[in-house]
$ cat run.pdb   # PDB, C-alpha atoms
ATOM      1  CA  MET A   1     -50.215 -67.381 169.594
ATOM      2  CA  CYS A   2     -51.642 -64.359 167.783
ATOM      3  CA  ALA A   3     -48.347 -62.522 168.177
ATOM      4  CA  ALA A   4     -46.446 -65.458 166.688
ATOM      5  CA  VAL A   5     -48.817 -65.604 163.710
ATOM      6  CA  TYR A   6     -48.456 -61.847 163.215
ATOM      7  CA  VAL A   7     -44.646 -62.022 163.299
ATOM      8  CA  LEU A   8     -44.577 -65.019 160.954
ATOM      9  CA  SER A   9     -46.911 -63.399 158.442
ATOM     10  CA  THR A  10     -44.950 -60.136 158.559
ATOM     11  CA  VAL A  11     -41.616 -61.870 157.988
ATOM     12  CA  THR A  12     -43.075 -64.004 155.210
ATOM     13  CA  GLY A  13     -44.532 -60.959 153.493
ATOM     14  CA  TYR A  14     -41.222 -59.115 153.789
ATOM     15  CA  VAL A  15     -39.226 -62.020 152.359
ATOM     16  CA  LEU A  16     -41.616 -62.521 149.433
ATOM     17  CA  THR A  17     -41.748 -58.794 148.643
ATOM     18  CA  SER A  18     -37.967 -58.511 148.826
ATOM     19  CA  ALA A  19     -37.504 -61.549 146.546
ATOM     20  CA  LEU A  20     -40.005 -60.170 144.010
ATOM     21  CA  LEU A  21     -38.419 -56.712 143.917
ATOM     22  CA  LEU A  22     -34.931 -58.180 143.720
ATOM     23  CA  LYS A  23     -35.880 -59.889 140.475
ATOM     24  CA  CYS A  24     -38.100 -57.056 139.224
ATOM     25  CA  PRO A  25     -36.553 -53.816 140.553
ATOM     26  CA  THR A  26     -38.404 -51.631 138.040
ATOM     27  CA  LEU A  27     -41.595 -52.238 140.020
ATOM     28  CA  LEU A  28     -40.131 -49.831 142.605
ATOM     29  CA  HIS A  29     -37.275 -47.982 140.882
ATOM     30  CA  ARG A  30     -36.995 -46.225 137.567
ATOM     31  CA  ARG A  31     -34.787 -48.164 135.154
ATOM     32  CA  LYS A  32     -31.401 -46.506 134.727
ATOM     33  CA  ARG A  33     -30.239 -45.790 131.214
ATOM     34  CA  GLU A  34     -27.590 -48.188 129.939
ATOM     35  CA  PRO A  35     -25.762 -46.411 127.122
ATOM     36  CA  PHE A  36     -23.461 -49.383 126.586
ATOM     37  CA  LEU A  37     -23.157 -53.041 127.538
ATOM     38  CA  SER A  38     -19.663 -54.498 127.752
ATOM     39  CA  ARG A  39     -18.794 -58.192 127.770
ATOM     40  CA  HIS A  40     -15.194 -58.079 126.561
ATOM     41  CA  ILE A  41     -13.093 -55.643 128.632
ATOM     42  CA  SER A  42      -9.383 -55.081 128.039
ATOM     43  CA  HIS A  43      -7.545 -54.492 131.327
ATOM     44  CA  ARG A  44      -4.987 -51.698 130.863
ATOM     45  CA  GLY A  45      -5.586 -52.259 127.161
ATOM     46  CA  GLY A  46      -4.493 -55.900 127.438
ATOM     47  CA  ALA A  47      -1.376 -55.936 129.618
ATOM     48  CA  GLY A  48      -0.490 -59.492 128.635
ATOM     49  CA  GLU A  49      -0.254 -58.771 124.903
ATOM     50  CA  ASN A  50       1.170 -55.242 124.776
ATOM     51  CA  LEU A  51       2.814 -52.922 127.280
ATOM     52  CA  GLU A  52       0.054 -51.842 129.650
ATOM     53  CA  ASN A  53      -1.769 -48.552 129.193
ATOM     54  CA  THR A  54      -0.053 -47.691 125.901
ATOM     55  CA  MET A  55      -1.701 -46.554 122.698
ATOM     56  CA  ALA A  56      -0.389 -49.728 121.051
ATOM     57  CA  ALA A  57      -2.289 -51.820 123.599
ATOM     58  CA  PHE A  58      -5.486 -49.822 123.173
ATOM     59  CA  LYS A  59      -5.310 -49.949 119.372
ATOM     60  CA  HIS A  60      -4.761 -53.706 119.405
ATOM     61  CA  ALA A  61      -7.731 -54.243 121.727
ATOM     62  CA  VAL A  62     -10.066 -52.003 119.728
ATOM     63  CA  ASN A  63      -9.042 -53.602 116.427
ATOM     64  CA  LEU A  64      -9.779 -56.956 118.033
ATOM     65  CA  GLY A  65     -13.294 -55.764 118.826
ATOM     66  CA  THR A  66     -13.148 -55.184 122.584
ATOM     67  CA  ASP A  67     -16.301 -53.689 124.095
ATOM     68  CA  MET A  68     -14.447 -51.547 126.639
ATOM     69  CA  LEU A  69     -10.996 -50.238 127.498
ATOM     70  CA  GLU A  70     -10.025 -50.177 131.166
ATOM     71  CA  LEU A  71      -7.304 -47.696 132.139
ATOM     72  CA  ASP A  72      -5.854 -45.678 135.021
ATOM     73  CA  CYS A  73      -5.270 -41.947 135.362
ATOM     74  CA  HIS A  74      -2.820 -39.706 137.191
ATOM     75  CA  LEU A  75      -1.929 -36.011 137.055
ATOM     76  CA  THR A  76       1.536 -34.764 136.130
ATOM     77  CA  GLN A  77       3.347 -31.801 137.674
ATOM     78  CA  ASP A  78       2.075 -29.559 134.866
ATOM     79  CA  GLU A  79      -1.473 -30.915 135.386
ATOM     80  CA  GLU A  80      -1.749 -33.127 132.339
ATOM     81  CA  VAL A  81      -4.020 -36.175 132.730
ATOM     82  CA  VAL A  82      -1.919 -39.216 131.840
ATOM     83  CA  VAL A  83      -2.814 -42.887 131.509
ATOM     84  CA  SER A  84      -0.684 -44.873 133.958
ATOM     85  CA  HIS A  85      -1.395 -47.331 136.744
ATOM     86  CA  ASP A  86       1.281 -46.539 139.337
ATOM     87  CA  ALA A  87       1.753 -43.231 141.116
ATOM     88  CA  ASN A  88       5.473 -43.999 141.209
ATOM     89  CA  LEU A  89       7.360 -44.592 137.966
ATOM     90  CA  LYS A  90       9.845 -47.142 139.334
ATOM     91  CA  ARG A  91       8.087 -50.391 138.353
ATOM     92  CA  ALA A  92       7.122 -49.325 134.861
ATOM     93  CA  THR A  93      10.054 -47.126 133.830
ATOM     94  CA  GLY A  94      12.885 -47.861 136.246
ATOM     95  CA  ILE A  95      12.932 -44.238 137.434
ATOM     96  CA  ASN A  96      12.119 -43.693 141.111
ATOM     97  CA  ALA A  97       9.900 -40.617 140.881
ATOM     98  CA  GLN A  98       6.269 -39.705 141.434
ATOM     99  CA  ILE A  99       4.250 -38.854 138.323
ATOM    100  CA  SER A 100       2.920 -35.817 140.159
ATOM    101  CA  ASP A 101       6.502 -34.487 140.480
ATOM    102  CA  VAL A 102       7.365 -34.771 136.772
ATOM    103  CA  ALA A 103       6.168 -32.634 133.867
ATOM    104  CA  TYR A 104       4.564 -34.578 131.038
ATOM    105  CA  ALA A 105       7.317 -33.813 128.529
ATOM    106  CA  ALA A 106       9.898 -35.177 130.979
ATOM    107  CA  LEU A 107       8.153 -38.482 131.707
ATOM    108  CA  PRO A 108      10.446 -41.445 130.931
ATOM    109  CA  PRO A 109       9.357 -44.213 128.548
ATOM    110  CA  TYR A 110       8.187 -47.618 129.733
ATOM    111  CA  LEU A 111      10.702 -50.408 130.172
ATOM    112  CA  CYS A 112      11.002 -52.915 127.324
ATOM    113  CA  LYS A 113       9.461 -55.670 129.472
ATOM    114  CA  LEU A 114       6.835 -55.439 132.212
ATOM    115  CA  GLY A 115       5.410 -58.072 134.523
ATOM    116  CA  VAL A 116       1.723 -58.942 134.167
ATOM    117  CA  THR A 117       0.198 -58.328 137.601
ATOM    118  CA  PHE A 118      -2.568 -60.910 137.373
ATOM    119  CA  GLN A 119      -0.554 -63.694 135.766
ATOM    120  CA  ARG A 120       2.267 -65.278 137.731
ATOM    121  CA  GLU A 121       5.662 -65.591 136.062
ATOM    122  CA  CYS A 122       4.377 -63.743 133.025
ATOM    123  CA  PHE A 123       6.048 -60.789 131.316
ATOM    124  CA  CYS A 124       5.043 -58.722 128.331
ATOM    125  CA  GLU A 125       7.656 -57.378 125.939
ATOM    126  CA  GLY A 126       6.672 -54.232 124.130
ATOM    127  CA  GLY A 127       7.317 -52.923 120.663
ATOM    128  CA  GLU A 128       8.201 -49.399 119.660
ATOM    129  CA  ASP A 129       5.427 -47.698 121.631
ATOM    130  CA  LYS A 130       6.710 -47.118 125.156
ATOM    131  CA  ARG A 131       5.210 -43.684 125.693
ATOM    132  CA  ILE A 132       2.890 -42.871 128.580
ATOM    133  CA  PRO A 133      -0.151 -41.439 126.752
ATOM    134  CA  LEU A 134      -2.455 -38.590 127.621
ATOM    135  CA  LEU A 135      -6.096 -39.388 128.319
ATOM    136  CA  ARG A 136      -7.091 -37.072 125.502
ATOM    137  CA  ASP A 137      -4.996 -39.201 123.127
ATOM    138  CA  VAL A 138      -7.216 -42.163 123.972
ATOM    139  CA  PHE A 139     -10.396 -40.130 123.544
ATOM    140  CA  ASP A 140      -9.148 -38.778 120.206
ATOM    141  CA  ALA A 141      -8.225 -42.204 118.860
ATOM    142  CA  PHE A 142     -11.303 -44.132 120.008
ATOM    143  CA  PRO A 143     -14.303 -41.789 120.017
ATOM    144  CA  ASN A 144     -16.865 -44.612 120.000
ATOM    145  CA  THR A 145     -15.284 -47.047 122.459
ATOM    146  CA  PRO A 146     -16.511 -47.147 126.082
ATOM    147  CA  VAL A 147     -13.744 -46.384 128.578
ATOM    148  CA  ASN A 148     -13.544 -47.468 132.211
ATOM    149  CA  ILE A 149     -11.416 -44.952 134.149
ATOM    150  CA  ASP A 150      -9.817 -45.752 137.494
ATOM    151  CA  ILE A 151      -9.044 -42.446 139.237
ATOM    152  CA  LYS A 152      -5.918 -43.563 141.052
ATOM    153  CA  VAL A 153      -5.466 -40.729 143.564
ATOM    154  CA  ASN A 154      -7.766 -38.569 145.644
ATOM    155  CA  ASN A 155      -7.007 -35.348 143.801
ATOM    156  CA  ASP A 156      -9.708 -32.761 143.142
ATOM    157  CA  THR A 157      -7.870 -31.300 140.155
ATOM    158  CA  LEU A 158      -7.467 -34.728 138.552
ATOM    159  CA  ILE A 159     -11.171 -35.484 138.968
ATOM    160  CA  LYS A 160     -12.160 -32.090 137.571
ATOM    161  CA  LYS A 161      -9.856 -32.374 134.565
ATOM    162  CA  VAL A 162     -11.016 -35.901 133.723
ATOM    163  CA  SER A 163     -14.615 -34.701 133.863
ATOM    164  CA  GLU A 164     -13.795 -31.752 131.610
ATOM    165  CA  LEU A 165     -12.177 -34.059 129.060
ATOM    166  CA  VAL A 166     -15.164 -36.419 129.119
ATOM    167  CA  VAL A 167     -17.510 -33.494 128.500
ATOM    168  CA  LYS A 168     -15.248 -31.949 125.832
ATOM    169  CA  TYR A 169     -15.187 -35.194 123.868
ATOM    170  CA  ASP A 170     -18.916 -35.799 124.412
ATOM    171  CA  ARG A 171     -18.271 -39.086 126.231
ATOM    172  CA  GLU A 172     -20.570 -38.963 129.249
ATOM    173  CA  HIS A 173     -22.560 -41.791 127.649
ATOM    174  CA  LEU A 174     -19.401 -43.816 126.944
ATOM    175  CA  THR A 175     -17.516 -43.505 130.217
ATOM    176  CA  VAL A 176     -17.614 -45.031 133.678
ATOM    177  CA  TRP A 177     -15.263 -43.889 136.440
ATOM    178  CA  GLY A 178     -14.435 -44.441 140.081
ATOM    179  CA  ASN A 179     -12.072 -46.165 142.478
ATOM    180  CA  ALA A 180     -12.096 -48.564 145.427
ATOM    181  CA  ASN A 181     -11.822 -45.480 147.649
ATOM    182  CA  ASN A 182     -15.282 -44.215 148.542
ATOM    183  CA  GLN A 183     -14.145 -40.595 148.916
ATOM    184  CA  ILE A 184     -12.927 -40.584 145.330
ATOM    185  CA  VAL A 185     -16.202 -42.027 144.043
ATOM    186  CA  LYS A 186     -18.188 -39.438 146.011
ATOM    187  CA  LYS A 187     -16.118 -36.644 144.491
ATOM    188  CA  CYS A 188     -16.522 -38.084 141.000
ATOM    189  CA  TYR A 189     -20.288 -38.236 141.370
ATOM    190  CA  LYS A 190     -20.426 -34.719 142.813
ATOM    191  CA  GLU A 191     -18.225 -33.334 140.030
ATOM    192  CA  ASN A 192     -20.331 -34.861 137.260
ATOM    193  CA  PRO A 193     -23.322 -37.054 138.167
ATOM    194  CA  ARG A 194     -24.003 -37.668 134.463
ATOM    195  CA  ILE A 195     -20.963 -39.950 134.225
ATOM    196  CA  PRO A 196     -21.832 -43.405 135.636
ATOM    197  CA  VAL A 197     -19.805 -44.447 138.680
ATOM    198  CA  LEU A 198     -18.407 -47.734 139.976
ATOM    199  CA  PHE A 199     -19.055 -49.199 143.415
ATOM    200  CA  SER A 200     -16.268 -48.376 145.869
ATOM    201  CA  PHE A 201     -15.045 -51.029 148.307
ATOM    202  CA  PRO A 202     -17.075 -49.676 151.282
ATOM    203  CA  ARG A 203     -20.153 -49.515 149.073
ATOM    204  CA  VAL A 204     -19.608 -53.135 148.051
ATOM    205  CA  LEU A 205     -19.666 -54.064 151.751
ATOM    206  CA  GLN A 206     -22.875 -52.087 152.133
ATOM    207  CA  LEU A 207     -24.272 -53.823 149.064
ATOM    208  CA  LEU A 208     -23.535 -57.214 150.614
ATOM    209  CA  GLY A 209     -25.314 -56.206 153.803
ATOM    210  CA  LEU A 210     -28.344 -54.960 151.902
ATOM    211  CA  PHE A 211     -28.462 -58.138 149.833
ATOM    212  CA  TYR A 212     -28.255 -60.547 152.755
ATOM    213  CA  THR A 213     -30.826 -58.653 154.835
ATOM    214  CA  GLY A 214     -33.246 -58.396 151.927
ATOM    215  CA  LEU A 215     -33.123 -54.596 151.966
ATOM    216  CA  LEU A 216     -31.430 -54.182 148.576
ATOM    217  CA  PRO A 217     -34.672 -53.759 146.583
ATOM    218  CA  PHE A 218     -35.774 -50.899 148.831
ATOM    219  CA  VAL A 219     -32.600 -48.786 148.647
ATOM    220  CA  PRO A 220     -31.869 -46.565 145.612
ATOM    221  CA  LEU A 221     -28.324 -46.901 144.254
ATOM    222  CA  LYS A 222     -26.409 -44.230 142.351
ATOM    223  CA  GLU A 223     -23.845 -46.735 141.043
ATOM    224  CA  GLN A 224     -24.449 -48.588 137.784
ATOM    225  CA  PHE A 225     -21.318 -50.746 137.538
ATOM    226  CA  LEU A 226     -19.898 -53.330 139.926
ATOM    227  CA  GLU A 227     -16.369 -54.658 139.475
ATOM    228  CA  ILE A 228     -15.558 -57.721 141.554
ATOM    229  CA  PRO A 229     -12.720 -60.233 141.629
ATOM    230  CA  MET A 230     -13.085 -63.991 141.365
ATOM    231  CA  PRO A 231     -11.671 -66.018 144.309
ATOM    232  CA  SER A 232      -9.257 -67.854 142.004
ATOM    233  CA  ILE A 233      -7.460 -64.556 141.394
ATOM    234  CA  ILE A 234      -5.819 -64.927 144.813
ATOM    235  CA  THR A 235      -3.709 -67.844 143.570
ATOM    236  CA  LYS A 236      -2.738 -66.119 140.328
ATOM    237  CA  ILE A 237      -1.562 -62.631 141.230
ATOM    238  CA  LYS A 238       2.139 -61.963 141.595
ATOM    239  CA  ASP A 239       1.897 -61.269 145.333
ATOM    240  CA  PRO A 240      -1.045 -63.190 146.861
ATOM    241  CA  ASP A 241       0.422 -62.755 150.346
ATOM    242  CA  GLY A 242      -0.138 -59.035 149.953
ATOM    243  CA  LEU A 243      -3.895 -59.505 150.306
ATOM    244  CA  THR A 244      -5.247 -58.916 153.784
ATOM    245  CA  ARG A 245      -7.438 -61.478 155.491
ATOM    246  CA  SER A 246     -10.484 -59.227 155.068
ATOM    247  CA  GLN A 247      -9.810 -58.790 151.343
ATOM    248  CA  ARG A 248      -9.614 -62.561 150.918
ATOM    249  CA  PHE A 249     -12.875 -63.018 152.818
ATOM    250  CA  ILE A 250     -14.721 -60.375 150.821
ATOM    251  CA  THR A 251     -13.407 -61.877 147.570
ATOM    252  CA  TRP A 252     -14.831 -65.246 148.556
ATOM    253  CA  LEU A 253     -18.086 -63.789 149.860
ATOM    254  CA  LEU A 254     -18.778 -61.807 146.700
ATOM    255  CA  CYS A 255     -18.656 -64.927 144.571
ATOM    256  CA  ALA A 256     -20.384 -67.192 147.088
ATOM    257  CA  PHE A 257     -23.770 -65.527 146.688
ATOM    258  CA  SER A 258     -25.934 -64.765 143.707
ATOM    259  CA  LEU A 259     -24.850 -61.188 143.063
ATOM    260  CA  TYR A 260     -23.799 -62.209 139.563
ATOM    261  CA  GLU A 261     -27.463 -62.882 138.879
ATOM    262  CA  SER A 262     -28.364 -59.350 139.912
ATOM    263  CA  CYS A 263     -27.481 -57.872 136.517
ATOM    264  CA  VAL A 264     -31.019 -56.513 136.427
ATOM    265  CA  TRP A 265     -29.682 -53.993 138.954
ATOM    266  CA  PHE A 266     -26.317 -53.105 137.456
ATOM    267  CA  GLN A 267     -23.620 -54.372 135.169
ATOM    268  CA  VAL A 268     -21.239 -56.813 136.874
ATOM    269  CA  TYR A 269     -17.656 -56.999 135.625
ATOM    270  CA  VAL A 270     -15.338 -59.723 136.923
ATOM    271  CA  TRP A 271     -11.591 -59.064 137.038
ATOM    272  CA  VAL A 272      -8.919 -59.894 136.075
ATOM    273  CA  LEU A 273      -9.400 -63.274 134.381
ATOM    274  CA  ASN A 274      -6.832 -64.744 132.020
ATOM    275  CA  ASP A 275      -7.752 -68.362 131.301
ATOM    276  CA  GLU A 276     -10.695 -70.199 129.768
ATOM    277  CA  GLU A 277     -11.717 -71.937 132.984
ATOM    278  CA  ASP A 278     -12.273 -68.595 134.698
ATOM    279  CA  PHE A 279     -13.912 -67.065 131.613
ATOM    280  CA  ARG A 280     -16.421 -69.899 131.552
ATOM    281  CA  ARG A 281     -17.144 -69.759 135.267
ATOM    282  CA  ALA A 282     -17.735 -66.006 135.242
ATOM    283  CA  PHE A 283     -20.171 -66.083 132.319
ATOM    284  CA  ASP A 284     -21.913 -69.199 133.668
ATOM    285  CA  LEU A 285     -22.507 -67.349 136.947
ATOM    286  CA  GLY A 286     -24.161 -64.511 135.063
ATOM    287  CA  ALA A 287     -21.459 -61.838 134.907
ATOM    288  CA  THR A 288     -22.139 -59.062 132.409
ATOM    289  CA  GLY A 289     -18.534 -58.854 131.319
ATOM    290  CA  VAL A 290     -15.028 -60.148 131.913
ATOM    291  CA  MET A 291     -11.908 -58.015 132.270
ATOM    292  CA  THR A 292      -8.717 -59.593 130.953
ATOM    293  CA  ASP A 293      -5.022 -58.981 130.265
ATOM    294  CA  PHE A 294      -5.304 -61.217 127.192
ATOM    295  CA  PRO A 295      -7.988 -59.788 124.878
ATOM    296  CA  THR A 296      -7.145 -62.218 122.057
ATOM    297  CA  ARG A 297      -7.597 -65.186 124.380
ATOM    298  CA  LEU A 298     -10.932 -63.884 125.679
ATOM    299  CA  LYS A 299     -12.171 -63.126 122.154
ATOM    300  CA  GLY A 300     -11.313 -66.663 121.060
ATOM    301  CA  PHE A 301     -13.257 -68.088 123.987
ATOM    302  CA  MET A 302     -16.271 -65.847 123.355
ATOM    303  CA  ASP A 303     -16.304 -66.599 119.617
ATOM    304  CA  GLY A 304     -16.091 -70.310 120.291
ATOM    305  CA  ASN A 305     -18.962 -70.220 122.775
ATOM    306  CA  GLY A 306     -21.351 -67.877 121.010
ATOM    307  CA  LEU A 307     -20.792 -65.031 123.462
ATOM    308  CA  SER A 308     -19.459 -62.375 121.111
ATOM    309  CA  LYS A 309     -22.854 -60.993 120.141
ATOM    310  CA  LEU A 310     -24.259 -58.679 122.797
ATOM    311  CA  GLN A 311     -27.551 -59.937 124.107
TER     312      GLN A 311
END
$ encode --input "run.pdb" --output "C-alpha cells"
Amino acid sequence: MCAAVYVLSTVTGYVLTSALLLKCPTLLHRRKREPFLSRHISHRGGAGENLENTMAAFKHAVNLGTDMLELDCHLTQDEEVVVSHDANLKRATGINAQISDVAYAALPPYLCKLGVTFQRECFCEGGEDKRIPLLRDVFDAFPNTPVNIDIKVNNDTLIKKVSELVVKYDREHLTVWGNANNQIVKKCYKENPRIPVLFSFPRVLQLLGLFYTGLLPFVPLKEQFLEIPMPSIITKIKDPDGLTRSQRFITWLLCAFSLYESCVWFQVYVWVLNDEEDFRRAFDLGATGVMTDFPTRLKGFMDGNGLSKLQ
C-alpha cells in the first residue's frame, strides 16, 4: 500500500512539474533571444506568383511586406553559393546537369514555366528574370529581411561559405539555416553556433518522444525554429505517392498533438500552405508563421483577419 502511494505521488509530481515547465520553460531554462518573429513566410520567394528562387520573386515578396524569405542553396563548380532548390538542373532549366558540375557563369536560365510543387496542376509563368541568383545578391538587395536558408547538400565548403556570407553581411541575427538531414544541421551549428538552426527530421522525432513522455521541459534544445507540414499537404503536392508511410504518419502525428501551442519554446512554421482554409487552421492551432507559395494570397488573408501586425 505504501509503495503504491509512493509511486502515485511520484508520478503525479512528475506530471504536474512537467506540465508547469512546459508552459513556463523560463523557470528552468534561460530564454533564447528572438531577433525576429515571422508570420508571413514566402516559400522560394513565392513560387506560385513568380519563378521560384529568383530575384523577381524575392523583390515581389519583400515589396508585399513578407516577414521572411525562404530559399535553398547549392554550390557551383567554381564554389559560388547559388540560390536553387534542385541539385540537378533538369526540372528547372531543361538541362540535365548537376549544379556542382557547372560554373556559375555557365548556368542556364530557368524555363519560362515551372510547376508549383505544393499546388497540384499549377504552373507559374515567369517574366524577364530567369537567372539563378547568388546568395550574396539576396543579401545585398534585402539587408533587413530575415532569410531562412535550406542547405540542400551535405557539403562542408557550402556550409562554410554560407556562414562566411552571413557574417560578412552582418546577418547572424536575421538568418536561420538547416536541413531535414541531422548531419547537415550539426555541421551548421558547429560552423557557426550564432546562427539559429532548424530542427532536423531525426530531431523532430526526438522532440515528439520528449513531448509525449513529459521530458521536454527538462532537456535543453539548441534549435530555435521548427518547420512542420500540415497533414492536408499530402493531398495537394504533385506526387503524394512519393511520401513514405513513415513520413505520412509523422506528418499526422505532428499536427495531432499540441506542439503548435509550444511557441513559448520555439517558433513554429507550417509549410507549405496555399489556401485560406489551411491558413486559418494553422494560425488557429497556434503556429507562429505560415510558409506559402502565394504571398499575395496569404497577405490578403492576414490583413482580413487582423494578423498582419506582429504580436
$ closest_residue --input "run.pdb" --among "A:Gln267, A:Gln77, A:Thr296, A:Ser308" --to "Gly45 of chain A" --atoms "all atoms listed in the file"
A:Thr296
$ atom_distance --input "run.pdb" --atom1 "atom CA of Ile195 of chain A" --atom2 "atom CA of Gln224 of chain A"
10.0 Å
$ residues_near_point --input "run.pdb" --point "(-18.6, -40.9, 140.1)" --cutoff "8 Å" --atoms "all atoms listed in the file" --output "list of chain:residue names"
A:Val176, A:Trp177, A:Gly178, A:Ile184, A:Val185, A:Lys186, A:Lys187, A:Cys188, A:Tyr189, A:Lys190, A:Glu191, A:Asn192, A:Pro193, A:Ile195, A:Pro196, A:Val197, A:Leu198, A:Glu223
$ write_last_selection --input "run.pdb" --atoms "C-alpha atoms" --output "mmCIF file, in the frame of the given file"
data_model
loop_
_atom_site.group_PDB
_atom_site.id
_atom_site.type_symbol
_atom_site.label_atom_id
_atom_site.label_comp_id
_atom_site.auth_asym_id
_atom_site.auth_seq_id
_atom_site.Cartn_x
_atom_site.Cartn_y
_atom_site.Cartn_z
ATOM 1 C CA VAL A 176 -17.614 -45.031 133.678
ATOM 2 C CA TRP A 177 -15.263 -43.889 136.440
ATOM 3 C CA GLY A 178 -14.435 -44.441 140.081
ATOM 4 C CA ILE A 184 -12.927 -40.584 145.330
ATOM 5 C CA VAL A 185 -16.202 -42.027 144.043
ATOM 6 C CA LYS A 186 -18.188 -39.438 146.011
ATOM 7 C CA LYS A 187 -16.118 -36.644 144.491
ATOM 8 C CA CYS A 188 -16.522 -38.084 141.000
ATOM 9 C CA TYR A 189 -20.288 -38.236 141.370
ATOM 10 C CA LYS A 190 -20.426 -34.719 142.813
ATOM 11 C CA GLU A 191 -18.225 -33.334 140.030
ATOM 12 C CA ASN A 192 -20.331 -34.861 137.260
ATOM 13 C CA PRO A 193 -23.322 -37.054 138.167
ATOM 14 C CA ILE A 195 -20.963 -39.950 134.225
ATOM 15 C CA PRO A 196 -21.832 -43.405 135.636
ATOM 16 C CA VAL A 197 -19.805 -44.447 138.680
ATOM 17 C CA LEU A 198 -18.407 -47.734 139.976
ATOM 18 C CA GLU A 223 -23.845 -46.735 141.043
#
$ resolve_selection --input "run.pdb" --expression "the PyMOL selection byres ((chain A and resi 229) around 6)" --output "list in words"
Ile228, Met230, Val270 and Trp271 of chain A
$ resolve_selection --input "run.pdb" --expression "the PyMOL selection byres ((chain A and resi 287) around 7)" --output "list in words"
Tyr260, Val268, Tyr269, Val270, Ala282, Phe283, Leu285, Gly286, Thr288 and Gly289 of chain A
$ atom_distance --input "run.pdb" --atom1 "atom CA of Val167 of chain A" --atom2 "atom CA of Phe139 of chain A"
10.9 Å
$ residues_around --input "run.pdb" --residues "Pro133 of chain A" --least-positions-apart "4" --cutoff "12 Å" --atoms "only C-alpha atoms" --output "PyMOL selection string"
chain A and resi 51-58+71-76+80-85+104-105+107-110+129+137-141
$ write_last_selection --input "run.pdb" --atoms "C-alpha atoms" --output "mmCIF file, keeping the file's coordinate frame"
data_model
loop_
_atom_site.group_PDB
_atom_site.id
_atom_site.type_symbol
_atom_site.label_atom_id
_atom_site.label_comp_id
_atom_site.auth_asym_id
_atom_site.auth_seq_id
_atom_site.Cartn_x
_atom_site.Cartn_y
_atom_site.Cartn_z
ATOM 1 C CA LEU A 51 2.814 -52.922 127.280
ATOM 2 C CA GLU A 52 0.054 -51.842 129.650
ATOM 3 C CA ASN A 53 -1.769 -48.552 129.193
ATOM 4 C CA THR A 54 -0.053 -47.691 125.901
ATOM 5 C CA MET A 55 -1.701 -46.554 122.698
ATOM 6 C CA ALA A 56 -0.389 -49.728 121.051
ATOM 7 C CA ALA A 57 -2.289 -51.820 123.599
ATOM 8 C CA PHE A 58 -5.486 -49.822 123.173
ATOM 9 C CA LEU A 71 -7.304 -47.696 132.139
ATOM 10 C CA ASP A 72 -5.854 -45.678 135.021
ATOM 11 C CA CYS A 73 -5.270 -41.947 135.362
ATOM 12 C CA HIS A 74 -2.820 -39.706 137.191
ATOM 13 C CA LEU A 75 -1.929 -36.011 137.055
ATOM 14 C CA THR A 76 1.536 -34.764 136.130
ATOM 15 C CA GLU A 80 -1.749 -33.127 132.339
ATOM 16 C CA VAL A 81 -4.020 -36.175 132.730
ATOM 17 C CA VAL A 82 -1.919 -39.216 131.840
ATOM 18 C CA VAL A 83 -2.814 -42.887 131.509
ATOM 19 C CA SER A 84 -0.684 -44.873 133.958
ATOM 20 C CA HIS A 85 -1.395 -47.331 136.744
ATOM 21 C CA TYR A 104 4.564 -34.578 131.038
ATOM 22 C CA ALA A 105 7.317 -33.813 128.529
ATOM 23 C CA LEU A 107 8.153 -38.482 131.707
ATOM 24 C CA PRO A 108 10.446 -41.445 130.931
ATOM 25 C CA PRO A 109 9.357 -44.213 128.548
ATOM 26 C CA TYR A 110 8.187 -47.618 129.733
ATOM 27 C CA ASP A 129 5.427 -47.698 121.631
ATOM 28 C CA ASP A 137 -4.996 -39.201 123.127
ATOM 29 C CA VAL A 138 -7.216 -42.163 123.972
ATOM 30 C CA PHE A 139 -10.396 -40.130 123.544
ATOM 31 C CA ASP A 140 -9.148 -38.778 120.206
ATOM 32 C CA ALA A 141 -8.225 -42.204 118.860
#
$ closest_residue --input "run.pdb" --among "A:Trp265, A:Ala92, A:Val162, A:Asp284" --to "Asn305 of chain A" --atoms "all atoms listed in the file"
A:Asp284
$ resolve_selection --input "run.pdb" --expression "the PyMOL selection byres ((chain A and resi 174) around 9)" --output "PyMOL selection string"
chain A and resi 35-36+143-148+166+170-173+175-176+195
$ atom_distance --input "run.pdb" --atom1 "atom CA of Leu134 of chain A" --atom2 "atom CA of Ser38 of chain A"
23.4 Å
$ closest_residue --input "run.pdb" --among "A:Arg39, A:Arg44, A:Arg281, A:Arg194" --to "Asp293 of chain A" --atoms "only C-alpha atoms"
A:Arg44
$ axis_aligned_box --input "run.pdb" --around "segment 130-147 of chain A" --padding-each-side "8 Å" --output "JSON"
{"center_x": -5.1, "center_y": -42.1, "center_z": 123.7, "size_x": 39.6, "size_y": 26.1, "size_z": 25.7}
